[in-house]
$ cat final-v6.txt   # compact mmCIF, C-alpha atoms and all ligand atoms
# COMPACT_ATOMS: atom_id res chain seq x y z
CA MET A 142 3.24 20.31 16.91
CA SER A 143 4.80 23.09 14.84
CA ASN A 144 8.54 22.67 15.15
CA THR A 145 9.89 20.74 12.14
CA PHE A 146 12.67 19.02 14.08
CA GLU A 147 10.16 17.93 16.73
CA LYS A 148 8.04 16.31 14.03
CA ILE A 149 11.01 14.61 12.40
CA THR A 150 12.26 13.34 15.75
CA SER A 151 8.86 11.98 16.73
CA TYR A 152 8.72 9.85 13.58
CA GLY A 153 12.40 8.89 13.90
CA HIS A 154 13.60 10.07 10.48
CA GLU A 155 17.24 10.12 9.42
CA GLN A 156 16.98 12.91 6.87
CA VAL A 157 14.41 15.24 5.33
CA VAL A 158 15.31 17.19 2.21
CA TYR A 159 13.47 20.30 1.01
CA CYS A 160 13.82 20.83 -2.75
CA ASN A 161 13.12 24.24 -4.28
CA ASP A 162 13.52 25.35 -7.89
CA ASN A 163 12.26 28.85 -8.71
CA LYS A 164 12.67 28.27 -12.43
CA THR A 165 10.26 25.33 -12.73
CA GLY A 166 8.15 26.02 -9.60
CA LEU A 167 9.21 22.74 -8.03
CA GLN A 168 8.63 22.49 -4.30
CA ALA A 169 9.18 18.99 -3.00
CA ILE A 170 10.08 17.20 0.22
CA ILE A 171 12.02 13.94 0.26
CA ALA A 172 11.88 12.02 3.53
CA ILE A 173 14.34 9.25 4.32
CA HIS A 174 13.05 7.41 7.36
CA ASN A 175 15.44 4.53 7.87
CA THR A 176 18.26 3.02 5.82
CA VAL A 177 19.45 0.28 8.19
CA LEU A 178 18.28 -2.50 5.84
CA GLY A 179 19.27 -0.72 2.63
CA PRO A 180 18.62 2.39 0.54
CA SER A 181 15.23 3.97 1.09
CA LEU A 182 12.62 3.29 -1.58
CA GLY A 183 9.16 4.78 -1.94
CA GLY A 184 6.92 6.54 -4.41
CA CYS A 185 6.73 10.21 -5.24
CA ARG A 186 3.26 11.68 -4.68
CA MET A 187 2.17 14.89 -6.36
CA TYR A 188 -0.77 16.53 -4.64
CA PRO A 189 -2.17 20.06 -4.09
CA TYR A 190 -1.46 20.14 -0.34
CA GLN A 191 -3.17 23.02 1.45
CA SER A 192 -0.05 23.83 3.45
CA GLU A 193 3.61 22.95 3.79
CA SER A 194 2.95 21.32 7.15
CA GLU A 195 0.28 19.06 5.60
CA ALA A 196 2.82 17.97 2.96
CA LEU A 197 5.48 17.34 5.59
CA GLU A 198 3.09 15.29 7.75
CA ASP A 199 2.12 13.16 4.74
CA VAL A 200 5.67 12.47 3.60
CA LEU A 201 6.82 11.63 7.13
CA ARG A 202 3.92 9.22 7.72
CA LEU A 203 4.22 7.55 4.33
CA SER A 204 8.00 7.12 4.46
CA ARG A 205 7.87 5.53 7.91
CA GLY A 206 5.23 3.13 6.55
CA MET A 207 7.66 2.14 3.79
CA THR A 208 10.31 1.16 6.37
CA TYR A 209 7.87 -1.29 7.96
CA LYS A 210 6.61 -2.60 4.61
CA ALA A 211 10.12 -3.28 3.28
CA SER A 212 11.24 -4.90 6.52
CA ILE A 213 8.27 -7.27 6.94
CA SER A 214 8.63 -8.17 3.23
CA ASN A 215 12.22 -9.33 3.81
CA LEU A 216 13.55 -6.75 1.36
CA ASN A 217 16.95 -5.18 1.91
CA LEU A 218 15.50 -1.72 1.56
CA GLY A 219 14.72 1.17 3.83
CA GLY A 220 11.75 3.50 3.93
CA GLY A 221 11.52 6.73 1.98
CA LYS A 222 8.97 8.80 0.16
CA ALA A 223 8.73 12.12 -1.68
CA VAL A 224 5.94 14.63 -2.16
CA ILE A 225 5.76 17.35 -4.80
CA ILE A 226 3.48 20.17 -3.71
CA GLY A 227 1.00 21.27 -6.40
CA ASP A 228 -1.83 20.16 -8.61
CA PRO A 229 -0.43 17.71 -11.19
CA LYS A 230 -3.08 18.81 -13.68
CA LYS A 231 -1.92 22.43 -13.42
CA ILE A 232 1.81 22.63 -12.74
CA LYS A 233 3.33 19.30 -13.74
CA THR A 234 5.78 19.83 -16.62
CA LYS A 235 8.66 17.89 -18.12
CA GLU A 236 11.05 20.54 -16.73
CA LEU A 237 9.61 20.29 -13.20
CA LEU A 238 9.97 16.50 -13.24
CA GLU A 239 13.52 16.72 -14.56
CA SER A 240 14.33 19.16 -11.79
CA PHE A 241 12.95 16.69 -9.23
CA GLY A 242 15.11 13.98 -10.83
CA ARG A 243 18.24 16.11 -10.30
CA PHE A 244 17.39 16.51 -6.61
CA VAL A 245 16.91 12.73 -6.27
CA ASP A 246 20.31 12.29 -7.91
CA THR A 247 22.05 14.49 -5.33
CA LEU A 248 21.19 11.85 -2.71
CA ASN A 249 23.42 9.32 -4.50
CA GLY A 250 20.99 6.42 -4.09
CA ARG A 251 20.04 6.95 -0.44
CA TYR A 252 16.52 7.53 -1.82
CA ILE A 253 15.09 5.62 -4.81
CA THR A 254 11.89 7.01 -6.22
CA ALA A 255 8.85 5.35 -7.84
CA GLU A 256 5.34 6.17 -9.02
CA ASP A 257 2.58 7.19 -6.60
CA VAL A 258 -0.65 9.22 -6.62
CA GLY A 259 -0.54 12.02 -9.20
CA MET A 260 2.35 10.49 -11.15
CA THR A 261 2.45 8.24 -14.20
CA VAL A 262 4.91 5.77 -15.69
CA GLU A 263 5.73 8.42 -18.36
CA ASP A 264 6.57 10.95 -15.62
CA MET A 265 9.06 8.47 -14.16
CA GLU A 266 10.85 8.46 -17.48
CA TYR A 267 11.48 12.24 -17.31
CA ILE A 268 12.85 11.75 -13.79
CA ARG A 269 14.92 8.84 -15.03
CA SER A 270 16.57 11.09 -17.64
CA GLN A 271 18.33 12.84 -14.70
CA THR A 272 18.97 10.01 -12.28
CA ASN A 273 19.30 6.22 -12.19
CA HIS A 274 17.62 6.04 -8.79
CA VAL A 275 14.15 5.32 -10.16
CA THR A 276 11.96 2.19 -10.22
CA GLY A 277 8.56 1.47 -11.71
CA ILE A 278 9.48 2.23 -15.29
CA THR A 279 7.91 0.62 -18.36
CA LYS A 280 8.76 -2.89 -19.50
CA SER A 281 10.16 -1.48 -22.76
CA LEU A 282 12.89 0.26 -20.74
CA GLY A 283 13.71 -2.88 -18.76
CA GLY A 284 11.28 -2.05 -15.97
CA SER A 285 8.68 -4.20 -14.28
CA GLY A 286 5.49 -2.62 -15.66
CA ASP A 287 2.24 -2.39 -13.70
CA PRO A 288 2.80 -3.28 -10.01
CA SER A 289 -0.97 -3.67 -9.38
CA ILE A 290 -0.93 -7.18 -10.87
CA PHE A 291 1.54 -8.27 -8.16
CA THR A 292 -0.27 -6.35 -5.46
CA ALA A 293 -3.50 -8.16 -6.35
CA LEU A 294 -1.74 -11.54 -6.36
CA GLY A 295 -0.35 -10.76 -2.90
CA VAL A 296 -3.79 -9.84 -1.59
CA PHE A 297 -5.23 -13.09 -2.97
CA ILE A 298 -2.42 -15.14 -1.37
CA GLY A 299 -2.85 -13.20 1.88
CA MET A 300 -6.56 -14.04 1.86
CA LYS A 301 -5.62 -17.74 1.60
CA ALA A 302 -3.43 -17.42 4.71
CA ALA A 303 -6.32 -15.75 6.54
CA LEU A 304 -8.73 -18.53 5.51
CA LYS A 305 -6.23 -21.09 6.77
CA LYS A 306 -6.04 -19.36 10.15
CA LYS A 307 -9.74 -18.63 10.53
CA TYR A 308 -11.42 -21.69 8.93
CA GLN A 309 -8.53 -24.14 8.44
CA ILE A 310 -9.38 -24.17 4.73
CA GLU A 311 -7.83 -22.59 1.66
CA SER A 312 -10.61 -22.97 -0.86
CA PHE A 313 -12.66 -19.96 -1.92
CA LYS A 314 -15.44 -22.10 -3.34
CA ASN A 315 -18.78 -20.45 -2.51
CA LEU A 316 -17.22 -18.07 -0.02
CA LYS A 317 -18.67 -14.57 0.00
CA VAL A 318 -16.11 -11.84 -0.62
CA GLY A 319 -17.01 -8.13 -0.61
CA ILE A 320 -14.70 -5.72 -2.42
CA GLN A 321 -14.74 -1.94 -2.12
CA GLY A 322 -13.10 -0.45 -5.22
CA PHE A 323 -12.52 -2.18 -8.55
CA GLY A 324 -9.58 -0.08 -9.72
CA LYS A 325 -6.30 -1.57 -10.86
CA VAL A 326 -5.88 -3.87 -7.85
CA GLY A 327 -9.59 -4.62 -7.30
CA TYR A 328 -9.92 -5.73 -10.93
CA TYR A 329 -7.08 -8.28 -10.86
CA LEU A 330 -8.10 -9.47 -7.40
CA SER A 331 -11.65 -10.15 -8.66
CA LYS A 332 -10.18 -12.21 -11.49
CA HIS A 333 -8.31 -14.46 -9.03
CA LEU A 334 -11.36 -14.79 -6.79
CA PHE A 335 -13.70 -15.51 -9.68
CA GLU A 336 -11.40 -18.22 -11.00
CA ALA A 337 -11.20 -19.70 -7.47
CA GLY A 338 -15.01 -19.95 -7.25
CA ALA A 339 -15.82 -17.14 -4.80
CA GLN A 340 -19.08 -15.18 -4.87
CA ILE A 341 -18.04 -11.55 -5.23
CA TYR A 342 -20.05 -8.54 -4.08
CA GLY A 343 -18.91 -4.96 -4.31
CA PHE A 344 -19.12 -1.32 -5.11
CA ASP A 345 -17.18 1.32 -7.02
CA VAL A 346 -18.09 4.99 -7.38
CA ASP A 347 -17.11 4.57 -11.03
CA GLN A 348 -20.04 2.83 -12.76
CA GLU A 349 -17.85 1.75 -15.69
CA ARG A 350 -15.50 -0.20 -13.41
CA LEU A 351 -18.50 -1.82 -11.73
CA ASP A 352 -20.02 -2.82 -15.08
CA LEU A 353 -16.68 -4.25 -16.20
CA VAL A 354 -16.24 -6.58 -13.22
CA SER A 355 -19.93 -7.56 -13.24
CA ARG A 356 -19.59 -8.56 -16.87
CA GLU A 357 -16.23 -10.33 -16.60
CA PHE A 358 -16.31 -11.85 -13.12
CA GLY A 359 -20.00 -11.98 -12.20
CA VAL A 360 -19.62 -9.39 -9.43
CA THR A 361 -22.94 -8.54 -7.75
CA SER A 362 -23.19 -4.77 -7.46
CA ILE A 363 -24.31 -3.46 -4.08
CA SER A 364 -24.07 -0.03 -2.42
CA ASN A 365 -21.18 0.73 -0.05
CA ASN A 366 -23.65 0.89 2.85
CA ASP A 367 -25.14 -2.50 2.10
CA LEU A 368 -21.68 -3.96 1.50
CA MET A 369 -20.72 -3.02 5.05
CA LYS A 370 -23.75 -4.82 6.49
CA LEU A 371 -23.63 -7.91 4.33
CA GLU A 372 -22.67 -11.20 5.97
CA LEU A 373 -19.29 -11.84 4.37
CA ASP A 374 -16.42 -14.26 4.81
CA ILE A 375 -13.97 -11.58 3.66
CA PHE A 376 -14.31 -7.82 3.37
CA SER A 377 -11.63 -6.39 1.08
CA PRO A 378 -11.02 -2.62 1.10
CA CYS A 379 -9.36 -1.75 -2.20
CA ALA A 380 -10.18 1.94 -2.49
CA LEU A 381 -9.83 4.21 0.52
CA GLY A 382 -7.70 4.56 3.64
CA GLY A 383 -9.44 5.02 7.01
CA ILE A 384 -12.33 2.82 5.91
CA ILE A 385 -12.18 0.77 9.11
CA ASN A 386 -13.50 3.24 11.67
CA PRO A 387 -16.07 3.27 14.50
CA GLN A 388 -18.98 3.89 12.09
CA THR A 389 -18.13 1.10 9.63
CA LEU A 390 -17.14 -1.30 12.41
CA GLU A 391 -20.56 -0.95 13.98
CA ASN A 392 -22.10 -2.55 10.88
CA LEU A 393 -19.32 -4.75 9.51
CA ASN A 394 -20.45 -8.34 9.44
CA CYS A 395 -17.43 -10.22 8.16
CA GLN A 396 -15.00 -12.83 9.48
CA ILE A 397 -11.85 -11.44 7.83
CA ILE A 398 -10.68 -8.01 6.65
CA ALA A 399 -8.07 -8.34 3.90
CA GLY A 400 -7.54 -5.69 1.26
CA ALA A 401 -5.05 -3.57 -0.66
CA ALA A 402 -5.88 -0.08 0.60
CA ASN A 403 -3.18 1.65 2.63
CA ASN A 404 -3.82 2.79 6.21
CA GLN A 405 -7.19 1.03 6.46
CA LEU A 406 -7.57 1.53 10.22
CA LEU A 407 -8.49 5.16 10.97
CA ASN A 408 -7.02 4.75 14.45
CA GLU A 409 -4.82 1.69 14.82
CA LYS A 410 -5.20 1.15 18.56
CA ARG A 411 -8.89 1.95 18.89
CA GLU A 412 -10.01 0.02 15.78
CA SER A 413 -7.82 -2.99 16.68
CA GLU A 414 -9.65 -3.29 20.00
CA THR A 415 -13.08 -3.33 18.34
CA ILE A 416 -11.87 -5.79 15.69
CA ASN A 417 -10.69 -8.05 18.49
CA GLU A 418 -14.03 -7.78 20.33
CA LYS A 419 -15.89 -8.66 17.13
CA LYS A 420 -13.55 -11.63 16.60
CA ILE A 421 -12.67 -10.47 13.10
CA LEU A 422 -9.26 -11.49 11.72
CA TYR A 423 -7.59 -8.31 10.44
CA VAL A 424 -4.82 -8.84 7.89
CA PRO A 425 -2.35 -5.95 8.29
CA ASP A 426 -2.58 -3.78 5.17
CA TYR A 427 1.10 -3.10 4.68
CA VAL A 428 1.91 -6.81 4.77
CA ILE A 429 -0.78 -8.02 2.38
CA ASN A 430 -0.37 -5.15 -0.11
CA ALA A 431 3.43 -5.38 -0.46
CA GLY A 432 3.38 -7.31 -3.76
CA GLY A 433 3.81 -4.15 -5.82
CA LEU A 434 6.83 -3.05 -3.77
CA MET A 435 8.40 -6.51 -4.09
CA ASN A 436 7.95 -6.27 -7.84
CA VAL A 437 9.51 -2.82 -8.30
CA ALA A 438 12.32 -3.67 -5.86
CA ASN A 439 13.34 -6.38 -8.30
CA GLU A 440 14.24 -3.76 -10.88
CA LEU A 441 17.24 -2.83 -8.74
CA THR A 442 18.92 -6.18 -9.35
CA GLY A 443 17.70 -6.83 -12.90
CA TYR A 444 14.02 -7.54 -13.25
CA ASP A 445 12.92 -11.17 -13.00
CA SER A 446 9.16 -11.74 -12.82
CA LYS A 447 9.58 -15.32 -11.55
CA LYS A 448 11.64 -14.12 -8.60
CA ALA A 449 9.07 -11.39 -7.92
CA THR A 450 6.24 -13.96 -7.98
CA ASN A 451 8.12 -16.18 -5.49
CA GLN A 452 8.59 -13.23 -3.17
CA VAL A 453 4.90 -12.36 -3.38
CA GLU A 454 4.01 -15.97 -2.54
CA GLY A 455 6.07 -15.52 0.65
CA ILE A 456 3.32 -13.23 1.98
CA TYR A 457 1.48 -16.43 2.95
CA GLU A 458 4.13 -17.62 5.44
CA THR A 459 4.79 -14.12 6.75
CA LEU A 460 1.11 -13.73 7.59
CA LEU A 461 0.87 -17.11 9.32
CA GLU A 462 3.83 -16.06 11.48
CA ILE A 463 2.08 -12.77 12.31
CA PHE A 464 -1.21 -14.51 13.15
CA ASP A 465 0.56 -16.97 15.45
CA LEU A 466 2.54 -14.25 17.21
CA SER A 467 -0.66 -12.26 17.66
CA GLU A 468 -2.44 -15.26 19.21
CA ASN A 469 0.44 -16.42 21.39
CA GLN A 470 1.29 -12.98 22.77
CA ASN A 471 -2.23 -11.60 22.85
CA LEU A 472 -1.37 -8.77 20.47
CA SER A 473 -3.41 -7.24 17.68
CA THR A 474 -2.28 -8.47 14.27
CA ILE A 475 -0.99 -5.00 13.39
CA ASP A 476 1.08 -4.86 16.61
CA ALA A 477 2.45 -8.33 15.86
CA ALA A 478 3.43 -7.22 12.32
CA ASN A 479 5.07 -4.05 13.68
CA LEU A 480 7.02 -6.10 16.22
CA LEU A 481 8.42 -8.45 13.56
CA ALA A 482 9.27 -5.55 11.22
CA GLU A 483 11.07 -3.67 14.03
CA LYS A 484 12.92 -6.82 15.12
CA ARG A 485 14.39 -7.38 11.64
CA ILE A 486 15.74 -3.82 11.65
CA GLN A 487 17.13 -4.15 15.20
CA ASP A 488 18.77 -7.49 14.44
CA SER A 489 20.61 -6.13 11.43
CA LYS A 490 22.11 -3.13 13.26
P1 LIG B 501 -7.14 2.82 -8.31
O1 LIG B 501 -7.17 4.30 -8.21
O2 LIG B 501 -6.84 2.16 -9.61
O3 LIG B 501 -8.55 2.22 -7.82
C1 LIG B 501 -9.31 2.70 -6.77
C2 LIG B 501 -10.77 2.44 -7.13
O4 LIG B 501 -11.58 2.80 -6.01
C3 LIG B 501 -11.26 3.28 -8.31
O5 LIG B 501 -11.88 2.45 -9.27
C4 LIG B 501 -12.25 4.25 -7.68
O6 LIG B 501 -13.32 4.60 -8.53
C5 LIG B 501 -12.73 3.46 -6.48
N1 LIG B 501 -13.29 4.25 -5.40
C6 LIG B 501 -12.93 5.49 -4.98
N2 LIG B 501 -13.71 5.88 -3.96
C7 LIG B 501 -14.56 4.86 -3.71
C8 LIG B 501 -15.61 4.67 -2.77
N3 LIG B 501 -15.94 5.58 -1.88
N4 LIG B 501 -16.28 3.49 -2.80
C9 LIG B 501 -15.98 2.54 -3.72
N5 LIG B 501 -15.01 2.69 -4.64
C10 LIG B 501 -14.31 3.83 -4.63
O7 LIG B 501 -6.14 2.34 -7.17
P2 LIG B 501 -5.41 0.94 -7.05
O8 LIG B 501 -4.06 1.06 -7.64
O9 LIG B 501 -6.32 -0.16 -7.45
O10 LIG B 501 -5.19 0.87 -5.46
C11 LIG B 501 -6.25 0.57 -4.59
C12 LIG B 501 -5.80 0.81 -3.16
O11 LIG B 501 -4.68 -0.03 -2.87
C13 LIG B 501 -5.32 2.23 -2.88
O12 LIG B 501 -5.64 2.55 -1.55
C14 LIG B 501 -3.81 2.13 -3.02
O13 LIG B 501 -3.13 3.11 -2.25
C15 LIG B 501 -3.57 0.75 -2.46
N6 LIG B 501 -2.35 0.13 -2.98
C16 LIG B 501 -2.20 -0.06 -4.32
C17 LIG B 501 -1.05 -0.67 -4.79
C18 LIG B 501 -0.85 -0.90 -6.28
O14 LIG B 501 0.05 -1.66 -6.66
N7 LIG B 501 -1.67 -0.31 -7.14
C19 LIG B 501 -0.05 -1.11 -3.90
C20 LIG B 501 -0.25 -0.93 -2.52
C21 LIG B 501 -1.41 -0.32 -2.08
$ encode --input "final-v6.txt" --output "structure tokens"
Amino acid sequence: MSNTFEKITSYGHEQVVYCNDNKTGLQAIIAIHNTVLGPSLGGCRMYPYQSESEALEDVLRLSRGMTYKASISNLNLGGGKAVIIGDPKKIKTKELLESFGRFVDTLNGRYITAEDVGMTVEDMEYIRSQTNHVTGITKSLGGSGDPSIFTALGVFIGMKAALKKKYQIESFKNLKVGIQGFGKVGYYLSKHLFEAGAQIYGFDVDQERLDLVSREFGVTSISNNDLMKLELDIFSPCALGGIINPQTLENLNCQIIAGAANNQLLNEKRESETINEKKILYVPDYVINAGGLMNVANELTGYDSKKATNQVEGIYETLLEIFDLSENQNLSTIDAANLLAEKRIQDSK
């Protein structure tokens, strides 16, 4: 598909804004997918896209995902996202970020930006110097700090809901949990699991991260290949998207898939069918990993960590509702989540 309007129409976007600034070299696209529930919120990703159409595809896909994530999380927010084209290590300057901030400001709050791949909390402060429509700033500026802590808490709570559905238990004692990726989320998740008595296995391409979690939380290090074959109660992807695919599904030997990574299923329909055949309970990624979004969304009304924690705890009930709908209507869990997210938007029109 080459026509830009065709692409935008197929994803159902309201507005797509191209931002160009010859002086700073800024080339960015802001995509506002849906604002029925509220202003669109989503991170700004800076990445050396190979082509403009690759950047457009990414921002359209990601912003639509934010609409679903906000809706299922009961937030009064819509879905949006921005991409800045270019290598952050080479072209990211204070001036370029300020220029991006001015473009965000022209949208008068229809799009609220946040941190994503290739951006840092410090970068958000340059953007913030030009617009108030920014979240994910440091605690010292009244922000909410690191969202990964809340994302990890949400994943842990989501795992409890999955255990309840699958085993009618909520205790992690002696359960085997495999984690791929011990970055920001994987680290805090391991802490919760360790304290709850789980046996943790896992892999990270970064040896230092692996050593850290082995030392602090007794994680048994194992290669990615072996992790996929290991008999596990829960497999938790916390590194890469597309990790649930025909190759990995052939080997996966777990009862539950529940992790933080975005877009875990390489092909939603195809992988959901195999997951169903293997009788694995798949916890939809955008539901279980919404803790970080809930946390930054709180900045909009005056940050309150207690309120954010309560919202994250709500992931438990939301997932039980999704699991029940999936069972009662013979839907995949991801289709059940999509249905509930779409219904909330429809009902509020
Ligand atoms: P991160 O970059 O801090 O951590 C990712 C970790 O995965 C790194 O330690 C990296 O070395 C490791 N890794 C990379 N390739 C790997 C491989 N092939 N095998 C094993 N390990 C590998 O990222 P994060 O913030 O912890 O996020 C983890 C995932 O969760 C990402 O997919 C992210 O998009 C998603 N997510 C994060 C948040 C959040 O609040 N941070 C919110 C929602 C979703």
$ residues_near_ligand --input "final-v6.txt" --ligand "ligand LIG 501 (chain B)" --cutoff "6 Å" --atoms "all atoms listed in the file" --output "short mmCIF file (atom, residue, chain, number, x, y, z; two decimals) with C-alpha atoms, keeping the file's coordinate frame"
data_model
loop_
_atom_site.label_atom_id
_atom_site.label_comp_id
_atom_site.auth_asym_id
_atom_site.auth_seq_id
_atom_site.Cartn_x
_atom_site.Cartn_y
_atom_site.Cartn_z
CA PRO A 288 2.80 -3.28 -10.01
CA SER A 289 -0.97 -3.67 -9.38
CA THR A 292 -0.27 -6.35 -5.46
CA GLN A 321 -14.74 -1.94 -2.12
CA GLY A 322 -13.10 -0.45 -5.22
CA PHE A 323 -12.52 -2.18 -8.55
CA GLY A 324 -9.58 -0.08 -9.72
CA LYS A 325 -6.30 -1.57 -10.86
CA VAL A 326 -5.88 -3.87 -7.85
CA GLY A 327 -9.59 -4.62 -7.30
CA PHE A 344 -19.12 -1.32 -5.11
CA ASP A 345 -17.18 1.32 -7.02
CA VAL A 346 -18.09 4.99 -7.38
CA ASP A 347 -17.11 4.57 -11.03
CA CYS A 379 -9.36 -1.75 -2.20
CA ALA A 380 -10.18 1.94 -2.49
CA LEU A 381 -9.83 4.21 0.52
CA GLY A 382 -7.70 4.56 3.64
CA ALA A 401 -5.05 -3.57 -0.66
CA ALA A 402 -5.88 -0.08 0.60
CA ASN A 403 -3.18 1.65 2.63
CA ASN A 430 -0.37 -5.15 -0.11
CA GLY A 433 3.81 -4.15 -5.82
#
$ residues_around --input "final-v6.txt" --residues "Ala431 in chain A" --least-positions-apart "2" --cutoff "9 Å" --atoms "all atoms listed in the file" --output "VMD selection string"
chain A and resid 210 to 211 214 291 to 292 295 to 296 401 426 to 429 433 to 436 453 456
$ atom_distance --input "final-v6.txt" --atom1 "CA of Lys148 in chain A" --atom2 "CA of Asp199 in chain A"
11.5 Å
$ closest_atom_pairs --input "final-v6.txt" --of "range 421-452 of chain A" --to "range 474-484 of chain A" --cutoff "8 Å" --atoms "all atoms listed in the file" --output "tab-separated table"
residue	atom	partner	partner_atom	distance
A:Tyr423	CA	A:Thr474	CA	6.5
A:Val424	CA	A:Thr474	CA	6.9
A:Pro425	CA	A:Ile475	CA	5.4
A:Val428	CA	A:Ala478	CA	7.7
$ residues_around --input "final-v6.txt" --residues "Ser204 in chain A" --least-positions-apart "5" --cutoff "8 Å" --atoms "all atoms listed in the file" --output "list of chain:residue names"
A:Ala172, A:Ile173, A:His174, A:Gly183, A:Gly220, A:Gly221, A:Lys222, A:Ala223
$ atom_distance --input "final-v6.txt" --atom1 "CA of Leu461 in chain A" --atom2 "CA of Thr176 in chain A"
26.8 Å
$ closest_residue --input "final-v6.txt" --among "A:Tyr328, A:Phe297, A:Phe313, A:Tyr308" --to "Tyr457 in chain A" --atoms "all atoms listed in the file"
A:Phe297
$ atom_distance --input "final-v6.txt" --atom1 "CA of Ile213 in chain A" --atom2 "CA of Thr261 in chain A"
26.9 Å
$ residues_around --input "final-v6.txt" --residues "Gly383 in chain A" --least-positions-apart "4" --cutoff "8 Å" --atoms "only C-alpha atoms" --output "VMD selection string"
chain A and resid 404 to 408
$ closest_residue --input "final-v6.txt" --among "A:Asp445, A:Glu418, A:Ser270, A:Thr459" --to "Leu390 in chain A" --atoms "all atoms listed in the file"
A:Glu418
$ residues_around --input "final-v6.txt" --residues "Gly338 in chain A" --least-positions-apart "5" --cutoff "10 Å" --atoms "only C-alpha atoms" --output "list in words"
Ser312, Phe313, Lys314, Asn315, Leu316, Lys317 and His333 of chain A
$ residues_around --input "final-v6.txt" --residues "range 367-372 of chain A" --least-positions-apart "5" --cutoff "6 Å" --atoms "all atoms listed in the file" --output "ChimeraX atom specification"
/A:392-395
$ closest_residue --input "final-v6.txt" --among "A:Glu454, A:Asp162, A:Glu155, A:Asp352" --to "Arg205 in chain A" --atoms "only C-alpha atoms"
A:Glu155
$ closest_residue --input "final-v6.txt" --among "A:Met187, A:Leu197, A:Met207, A:Met265" --to "Lys230 in chain A" --atoms "all atoms listed in the file"
A:Met187
